[in-house]
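Content type TSV, C-alpha atoms, from the file model23.tsv:
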chain	number	residue	atom	x	y	z
T	278	MET	CA	0.00	0.00	0.00
T	279	HIS	CA	1.25	3.49	-0.84
T	280	ILE	CA	-0.24	6.70	0.55
T	281	SER	CA	0.31	10.28	-0.59
T	282	VAL	CA	-1.32	13.48	0.58
T	283	ASN	CA	-1.62	16.80	-1.20
T	284	GLU	CA	-3.51	19.95	-0.37
T	285	VAL	CA	-6.01	21.21	-2.92
T	286	LYS	CA	-7.56	24.54	-1.89
T	287	ARG	CA	-8.43	23.86	1.77
T	288	VAL	CA	-8.95	20.16	1.26
T	289	SER	CA	-6.49	17.37	2.06
T	290	VAL	CA	-6.53	14.78	-0.69
T	291	MET	CA	-5.17	11.40	0.39
T	292	THR	CA	-4.47	9.02	-2.48
T	293	VAL	CA	-4.13	5.34	-1.63
T	294	GLN	CA	-2.68	2.71	-3.92
T	295	GLY	CA	-2.56	-1.06	-3.58
T	296	ARG	CA	-4.06	-3.39	-1.05
T	297	VAL	CA	-5.81	-2.29	2.16
T	298	ASP	CA	-6.14	-5.26	4.51
T	299	SER	CA	-5.44	-6.23	8.13
T	300	THR	CA	-1.72	-5.67	7.59
T	301	THR	CA	-1.93	-2.25	5.95
T	302	ALA	CA	-5.13	-0.73	7.40
T	303	PRO	CA	-3.42	0.44	10.64
T	304	ALA	CA	-1.02	2.56	8.53
T	305	LEU	CA	-3.97	4.07	6.65
T	306	GLU	CA	-5.72	4.87	9.92
T	307	ASP	CA	-2.52	6.42	11.32
T	308	GLU	CA	-2.09	8.66	8.27
T	309	LEU	CA	-5.72	9.76	8.45
T	310	LYS	CA	-5.35	10.43	12.18
T	311	LYS	CA	-2.29	12.60	11.51
T	312	LEU	CA	-4.41	14.81	9.26
T	313	VAL	CA	-7.19	15.09	11.84
T	314	ASP	CA	-4.72	15.79	14.65
T	315	GLY	CA	-3.21	18.52	12.45
T	316	ASP	CA	-6.63	20.18	12.14
T	317	LYS	CA	-7.05	18.98	8.56
T	318	THR	CA	-10.67	18.01	8.78
T	319	GLN	CA	-11.79	18.38	5.17
T	320	ILE	CA	-10.46	15.17	3.71
T	321	VAL	CA	-10.94	13.40	0.38
T	322	LEU	CA	-9.81	9.81	0.15
T	323	ASP	CA	-9.08	8.88	-3.46
T	324	LEU	CA	-9.62	5.12	-3.86
T	325	LYS	CA	-9.07	4.86	-7.63
T	326	ASP	CA	-5.95	2.73	-7.29
T	327	VAL	CA	-7.08	0.58	-4.36
T	328	GLU	CA	-7.26	-2.90	-5.85
T	329	TYR	CA	-8.47	-4.65	-2.70
T	330	MET	CA	-10.07	-3.64	0.59
T	331	SER	CA	-11.15	-5.89	3.45
T	332	SER	CA	-13.28	-4.89	6.45
T	333	ALA	CA	-10.10	-3.73	8.23
T	334	GLY	CA	-9.83	-0.89	5.71
T	335	LEU	CA	-13.51	-0.02	6.12
T	336	ARG	CA	-13.06	0.18	9.89
T	337	ALA	CA	-10.15	2.62	9.47
T	338	MET	CA	-12.31	4.85	7.26
T	339	VAL	CA	-15.38	4.68	9.54
T	340	SER	CA	-13.40	5.51	12.68
T	341	THR	CA	-11.85	8.52	10.91
T	342	LEU	CA	-15.24	9.64	9.65
T	343	LYS	CA	-16.59	9.55	13.21
T	344	ALA	CA	-13.60	11.57	14.46
T	345	VAL	CA	-13.89	14.33	11.84
T	346	LYS	CA	-17.67	14.56	12.07
T	347	ARG	CA	-17.33	15.33	15.78
T	348	ILE	CA	-15.30	18.44	14.88
T	349	THR	CA	-17.57	19.41	11.97
T	350	GLY	CA	-15.26	18.09	9.29
T	351	ASP	CA	-15.90	15.31	6.79
T	352	LEU	CA	-14.15	12.42	5.09
T	353	ARG	CA	-15.41	12.07	1.53
T	354	LEU	CA	-14.53	9.30	-0.88
T	355	CYS	CA	-13.96	9.36	-4.60
T	356	THR	CA	-13.53	6.99	-7.53
T	357	PRO	CA	-13.77	3.63	-5.75
T	358	SER	CA	-12.91	0.71	-8.01
T	359	PRO	CA	-15.77	-1.73	-8.70
T	360	ARG	CA	-14.40	-4.16	-6.07
T	361	VAL	CA	-14.09	-1.46	-3.40
T	362	ALA	CA	-17.54	-0.13	-4.33
T	363	GLU	CA	-18.91	-3.63	-3.77
T	364	VAL	CA	-17.52	-3.94	-0.23
T	365	LEU	CA	-18.73	-0.42	0.61
T	366	ARG	CA	-22.21	-1.33	-0.61
T	367	LEU	CA	-22.27	-4.69	1.20
T	368	ALA	CA	-21.19	-3.00	4.43
T	369	GLY	CA	-24.00	-0.46	4.11
T	370	LEU	CA	-21.48	2.39	3.95
T	371	THR	CA	-22.71	4.00	0.75
T	372	SER	CA	-25.34	5.77	2.84
T	373	ILE	CA	-22.78	6.84	5.46
T	374	PHE	CA	-20.05	8.25	3.20
T	375	ASN	CA	-20.41	10.89	0.52
T	376	ILE	CA	-18.90	9.23	-2.57
T	377	TYR	CA	-17.99	11.13	-5.76
T	378	PRO	CA	-17.18	9.94	-9.28
T	379	SER	CA	-14.12	12.20	-9.59
T	380	GLN	CA	-11.53	13.75	-7.29
T	381	ALA	CA	-12.38	17.23	-8.60
T	382	GLU	CA	-16.04	16.80	-7.65
T	383	ALA	CA	-15.11	15.50	-4.20
T	384	VAL	CA	-12.79	18.46	-3.57
T	385	GLY	CA	-15.33	20.90	-4.99
T	386	SER	CA	-18.06	19.56	-2.68
T	387	PHE	CA	-16.40	21.19	0.36
L	317	MET	CA	-10.95	-33.42	-7.60
L	318	SER	CA	-7.63	-31.85	-6.66
L	319	GLU	CA	-6.52	-30.94	-3.17
L	320	SER	CA	-3.84	-28.59	-1.94
L	321	ARG	CA	-2.90	-27.48	1.54
L	322	MET	CA	-0.64	-25.07	3.34
L	323	VAL	CA	0.11	-24.19	6.94
L	324	VAL	CA	1.12	-20.69	8.04
L	325	PRO	CA	1.87	-19.06	11.39
L	326	ALA	CA	-1.16	-17.06	12.56
L	327	ARG	CA	0.16	-13.63	11.64
L	328	TYR	CA	-1.53	-10.78	9.77
L	329	ASP	CA	1.38	-10.51	7.33
L	330	ARG	CA	0.85	-14.11	6.20
L	331	ILE	CA	-2.80	-13.57	5.18
L	332	LYS	CA	-1.81	-12.24	1.77
L	333	GLN	CA	0.06	-15.50	1.13
L	334	VAL	CA	-3.03	-17.50	2.12
L	335	CYS	CA	-5.15	-15.35	-0.22
L	336	SER	CA	-2.75	-15.99	-3.13
L	337	PHE	CA	-2.92	-19.73	-2.43
L	338	VAL	CA	-6.73	-19.64	-2.47
L	339	VAL	CA	-6.83	-17.46	-5.61
L	340	ASP	CA	-4.70	-20.02	-7.46
L	341	ALA	CA	-7.07	-22.82	-6.42
L	342	ALA	CA	-10.15	-20.76	-7.34
L	343	GLU	CA	-8.68	-20.09	-10.79
L	344	THR	CA	-8.11	-23.83	-11.19
L	345	ALA	CA	-11.78	-24.37	-10.34
L	346	GLY	CA	-12.68	-22.02	-13.19
L	347	LEU	CA	-14.38	-19.38	-11.05
L	348	ASP	CA	-14.79	-15.92	-12.55
L	349	GLU	CA	-12.99	-12.79	-11.35
L	350	SER	CA	-15.84	-11.68	-9.09
L	351	ALA	CA	-16.14	-15.09	-7.40
L	352	ILE	CA	-12.37	-15.24	-6.92
L	353	PHE	CA	-12.46	-11.81	-5.26
L	354	HIS	CA	-15.23	-13.08	-2.95
L	355	CYS	CA	-13.09	-16.09	-1.98
L	356	GLN	CA	-10.16	-13.79	-1.27
L	357	ILE	CA	-12.19	-11.47	0.98
L	358	ALA	CA	-13.82	-14.39	2.84
L	359	VAL	CA	-10.48	-16.08	3.55
L	360	ASP	CA	-8.86	-12.77	4.55
L	361	GLU	CA	-11.69	-12.05	7.00
L	362	ALA	CA	-11.63	-15.63	8.36
L	363	CYS	CA	-7.88	-15.54	9.01
L	364	THR	CA	-8.15	-12.09	10.60
L	365	ASN	CA	-10.85	-13.40	12.96
L	366	ILE	CA	-8.80	-16.48	13.86
L	367	ILE	CA	-5.83	-14.29	14.81
L	368	GLU	CA	-7.84	-11.53	16.51
L	369	HIS	CA	-10.63	-13.45	18.25
L	370	GLY	CA	-9.34	-17.03	18.31
L	371	TYR	CA	-5.67	-16.84	19.17
L	372	LYS	CA	-6.13	-13.27	20.52
L	373	GLY	CA	-2.93	-12.07	18.94
L	374	GLU	CA	-0.22	-12.91	16.44
L	375	ASP	CA	2.21	-15.83	16.68
L	376	LYS	CA	0.01	-17.79	19.09
L	377	GLY	CA	-0.53	-20.77	16.77
L	378	GLN	CA	-1.01	-21.89	13.19
L	379	ILE	CA	-3.64	-21.80	10.49
L	380	GLU	CA	-4.00	-24.71	8.06
L	381	VAL	CA	-5.70	-24.09	4.74
L	382	ILE	CA	-7.03	-26.89	2.54
L	383	CYS	CA	-8.48	-26.19	-0.90
L	384	ARG	CA	-10.55	-28.92	-2.55
L	385	VAL	CA	-11.24	-28.10	-6.16
L	386	ASN	CA	-13.83	-29.53	-8.50
L	387	PRO	CA	-14.77	-28.03	-11.86
L	388	GLY	CA	-16.83	-24.94	-11.02
L	389	GLU	CA	-16.49	-25.29	-7.24
L	390	ILE	CA	-13.95	-24.66	-4.51
L	391	LYS	CA	-14.25	-25.83	-0.93
L	392	ILE	CA	-11.86	-24.00	1.42
L	393	GLU	CA	-11.24	-25.41	4.88
L	394	LEU	CA	-9.51	-23.28	7.51
L	395	LEU	CA	-8.29	-25.10	10.59
L	396	ASP	CA	-6.96	-23.58	13.78
L	397	TRP	CA	-6.37	-24.71	17.33
L	398	ALA	CA	-7.42	-21.60	19.22
L	399	PRO	CA	-10.09	-21.67	21.95
L	400	LEU	CA	-13.59	-22.10	20.52
L	401	PHE	CA	-14.85	-19.09	18.57
L	402	ASP	CA	-18.00	-20.00	16.66
L	403	VAL	CA	-18.43	-17.51	13.83
L	404	SER	CA	-21.96	-18.74	13.16
L	405	GLN	CA	-23.06	-17.36	16.55
L	406	VAL	CA	-21.95	-13.80	15.83
L	407	PRO	CA	-24.96	-11.61	14.95
L	408	ASP	CA	-24.95	-9.63	11.72
L	409	PRO	CA	-23.92	-5.99	12.13
L	410	GLN	CA	-26.59	-3.31	12.00
L	411	LEU	CA	-26.10	-1.69	8.61
L	412	HIS	CA	-27.24	1.67	7.23
L	413	GLN	CA	-27.09	3.33	10.64
L	414	SER	CA	-26.07	6.92	11.32
L	415	VAL	CA	-22.37	7.79	11.28
L	416	GLU	CA	-22.09	7.36	15.04
L	417	GLU	CA	-23.81	3.97	14.91
L	418	ALA	CA	-22.05	2.70	11.77
L	419	ALA	CA	-20.67	-0.79	12.19
L	420	VAL	CA	-16.98	-1.09	12.91
L	421	GLY	CA	-17.08	-4.72	14.02
L	422	GLY	CA	-18.71	-7.92	12.83
L	423	LEU	CA	-18.32	-7.02	9.18
L	424	GLY	CA	-15.81	-9.77	8.47
L	425	ILE	CA	-18.19	-12.61	9.29
L	426	TYR	CA	-21.02	-10.82	7.52
L	427	PHE	CA	-18.86	-10.58	4.38
L	428	MET	CA	-18.11	-14.32	4.57
L	429	LYS	CA	-21.82	-15.15	4.74
L	430	LYS	CA	-22.75	-12.75	1.94
L	431	MET	CA	-19.92	-13.61	-0.44
L	432	MET	CA	-19.75	-17.39	-0.15
L	433	ASP	CA	-22.37	-19.98	-1.12
L	434	GLU	CA	-21.88	-22.01	2.06
L	435	VAL	CA	-20.28	-21.21	5.42
L	436	SER	CA	-20.12	-23.83	8.16
L	437	PHE	CA	-18.18	-24.25	11.37
L	438	GLU	CA	-17.38	-27.13	13.66
L	439	HIS	CA	-15.20	-27.61	16.72
L	440	THR	CA	-13.93	-31.14	17.28
L	441	ASN	CA	-11.25	-32.34	19.70
L	442	GLY	CA	-9.69	-28.89	19.99
L	443	THR	CA	-9.75	-28.16	16.25
L	444	ASN	CA	-11.85	-25.34	14.79
L	445	ARG	CA	-12.83	-26.07	11.21
L	446	LEU	CA	-14.40	-23.33	9.09
L	447	VAL	CA	-15.60	-24.48	5.68
L	448	LEU	CA	-16.27	-21.99	2.89
L	449	VAL	CA	-17.74	-23.09	-0.43
L	450	LYS	CA	-17.96	-21.04	-3.61
L	451	ARG	CA	-19.49	-22.20	-6.87
L	452	LYS	CA	-19.32	-20.82	-10.35
L	453	SER	CA	-22.41	-18.73	-11.01
L	454	ALA	CA	-24.83	-20.30	-13.44
Whole structure, structure tokens version:
Amino acid sequence: MHISVNEVKRVSVMTVQGRVDSTTAPALEDELKKLVDGDKTQIVLDLKDVEYMSSAGLRAMVSTLKAVKRITGDLRLCTPSPRVAEVLRLAGLTSIFNIYPSQAEAVGSF
Amino acid sequence: MSESRMVVPARYDRIKQVCSFVVDAAETAGLDESAIFHCQIAVDEACTNIIEHGYKGEDKGQIEVICRVNPGEIKIELLDWAPLFDVSQVPDPQLHQSVEEAAVGGLGIYFMKKMMDEVSFEHTNGTNRLVLVKRKSA
């Protein structure tokens, strides 16, 4: 798994590549937590290049969403691959997260 | 029918290896890409549960994986020797809740049930045996 973060306007865009599973999800959660702890609470998670995500990855995203919502921020998702979209749907998370078809639309939504 | 097996230490960083092993067997069975992905998720979640809830940590035991392949069908058996943890008794998570109530646990077992055609569990003489079956869609 590879993670990069860049700032677009006032939004932190985190791009994740590779496999998010029990081994890598803690690193994803740590990186998200660093943003929140640094008062970056408008976050877009770009999932275009995530080839695989287990429930461990979903838990990392949900716990971050809860943390940012408490301080009036939001974690928004964009461009999930069909496989990631399937696990989001099965987990009932498509009604919890705002999900956008492009990174530009996700950034622009803030 | 062909059969293959592997044994790994119960560690999170070995789950990817187990998934690759199962993917190879599922391809041999002739399952399509979607079904193979479902097998991979189910086995990943099962191994994670064995380590987290069964052995209650890494390096506390082993996981044995047996793949029995027939044309159009794979039967995956996962064996461990942790204290009894019956996945069939875990209730499904409450989905589509508010953000604060959104499920953060129980999703792994739910995924197994939703993605596989059969999920069964037995505990005999100290061995936990989880059996996952996936068939080629008609």
* Could you list the residues in chain L lying within 12 Å of chain T, using only C-alpha atoms, and format the result as a ChimeraX atom specification? => /L:327-333,335,349-365,367-368,374,408-431
* So what do you get for atom CA of T:His279 versus atom CA of L:Phe337, distance-wise? -> 23.6 Å
* Two-atom distance - atom CA of L:Asp396, atom CA of L:Ala341 (Å) -> 20.2 Å
* Asked: Between T:Gly315, T:Pro357, T:Glu308, T:Val327, which one has atoms that come closest to T:Val293, using only C-alpha atoms?
  ->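 Comparing T:Gly315, T:Pro357, T:Glu308, T:Val327 against T:Val293, the winner is T:Val327.
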* Contacts of L:Arg451 within 7 Å, only C-alpha atoms, excl. fewer than 4 positions in-chain, as a PyMOL selection string -> chain L and resi 388-390+433
* Taking only C-alpha atoms into account, which of T:Thr356, T:Thr349, T:Ser281, T:Ser386 comes nearest T:Gln294? -> T:Ser281
* Given all atoms listed in the file as the counted atoms, nearest of L:Ile392, L:Ile382, L:Ala454, L:Ile366 to L:Glu434 ->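 Using all atoms listed in the file, the shortest distance to L:Glu434 belongs to L:Ile392.
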* From the list L:Val406, L:Leu394, L:Leu446, L:Val385, which residue is nearest L:Ala342 when using all atoms listed in the file? -> L:Val385
* **Point-to-point distance from atom CA of L:Phe437 to atom CA of L:Glu319, Å rounded to tenths** =>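 According to the coordinates, atom CA of L:Phe437 and atom CA of L:Glu319 are separated by 19.8 Å.
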* To do: Determine, counting all atoms listed in the file, which protein, DNA and RNA residues have an atom within 9 Å of an atom of L:His439; residues of the same chain fewer than 4 positions away are not included. Present the result as a ChimeraX atom specification.
  => /L:400-402,443-446
* Would you mind listing what lies within 12 Å of T:Asp316 as a list of chain:residue names, with all atoms listed in the file counted and same-chain residues fewer than 3 positions away left out? => T:Arg287, T:Val288, T:Ser289, T:Leu309, T:Lys310, T:Lys311, T:Leu312, T:Val313, T:Gln319, T:Ile320, T:Ala344, T:Val345, T:Ile348, T:Thr349, T:Gly350, T:Asp351
* Which residue out of L:Val324, L:Gly377, L:Cys383, L:Ser436 has the minimum interatomic distance to L:Asp340 when only C-alpha atoms are used? -> L:Cys383
